Amino acid sequence: MSEETRLRDEIALLAKSLYDRGLTHGSTGNISARLSDGSLLVTPTGSSLGMLDPARISRLDGSFNHIDGDLPTKEVPLHSAFYETRQAQTGAVVHLHSTHSVALSVLPETDPDNVLPPITPYSLMQLGKVKLLPYFMPGDAAMGEAVRGLAGKHSAVLLANHGPVVAAKNLRAAVFAMEELEATARLVLLTRGMKANLLTDNDVAALAKRYPVE
């Protein structure tokens, strides 16, 4: 089995897992992953992550031009910004409209520079600081420009009124980090208004020293 065939199958498998567990719905969300030759596989526009046909997943060249397969998601400019600004660290990008993350994005008390309070070490280990970006119309290339404006300092962002985007070294790492982001957002909402015992500044510093987070 070729590298491309394996990656197509993996995208479909993990996308369905996200869909089946309610982390995305309808035709929302999109995934991209890079092959060793620099080309990319991208979920098609208007497709459901729960019903992907691996053979119809879009393929783009290293300059993000459509080569074959169905037309790619309109969020290609968003994905390309992570590949361009975090080249060495990015082999896949996942974007969802997951419920708790979106809810967190619209609350005025959410810190735009650090969306997730340090409830557990795992969000810090996998995501570092998650930046809240303003609202953009879906498909607006300005989303990509906003990510480029972060100069590669964040592996994950939360788009206001829209949803989270996570980049990682490979597809499984990106999916697992996305799941951690959504789970932590849920914990934040569940404990909001309570006197939760968060990790201390010393705890956070120790994690940042041991793990390559930003």
# chains A, B, ... in the order shown; residues from 1 in each chain; ligands from 1
$ residues_around --residues "A:Glu3" --least-positions-apart "5" --cutoff "12 Å" --atoms "only C-alpha atoms" --output "list of chain:residue names"
A:Arg8, A:Asp9, A:Glu10, A:Ala33, A:Arg34, A:Leu35, A:Ser36, A:Asp37, A:Ser39, A:Leu40, A:Leu41
$ residues_around --residues "stretch 188-196 of chain A" --least-positions-apart "5" --cutoff "9 Å" --atoms "only C-alpha atoms" --output "VMD selection string"
chain A and resid 100 103 to 104 116 to 117 119 183
$ residues_around --residues "A:Arg21" --least-positions-apart "5" --cutoff "12 Å" --atoms "only C-alpha atoms" --output "short mmCIF file (atom, residue, chain, number, x, y, z; two decimals) with C-alpha atoms, in the first residue's frame"
data_model
loop_
_atom_site.label_atom_id
_atom_site.label_comp_id
_atom_site.auth_asym_id
_atom_site.auth_seq_id
_atom_site.Cartn_x
_atom_site.Cartn_y
_atom_site.Cartn_z
CA LEU A 14 -10.03 9.47 12.08
CA ALA A 15 -12.53 11.87 10.55
CA LYS A 16 -15.32 9.32 11.07
CA LEU A 49 -16.27 13.95 8.00
CA GLY A 50 -18.41 10.95 8.89
CA SER A 98 -16.83 21.46 18.23
CA THR A 99 -19.51 22.64 20.63
CA GLU A 179 -9.73 16.23 21.27
CA GLU A 182 -12.40 20.29 23.20
#
$ closest_residue --among "A:Thr200, A:Thr73, A:Thr120, A:Gln87" --to "A:Ala151" --atoms "only C-alpha atoms"
A:Gln87
$ select_by_dssp --residues "stretch 17-180 of chain A" --states "strand (DSSP E)" --output "JSON, numbers by chain"
{"A": [30, 31, 32, 33, 34, 40, 41, 42, 58, 59, 60, 66, 67, 68, 92, 93, 94, 95, 131, 132, 133, 156, 157, 158, 159, 163, 164, 165, 166, 167, 168]}
$ closest_residue --among "A:Gly128, A:Pro72, A:Gly91, A:Gly38" --to "A:Pro212" --atoms "only C-alpha atoms"
A:Gly128
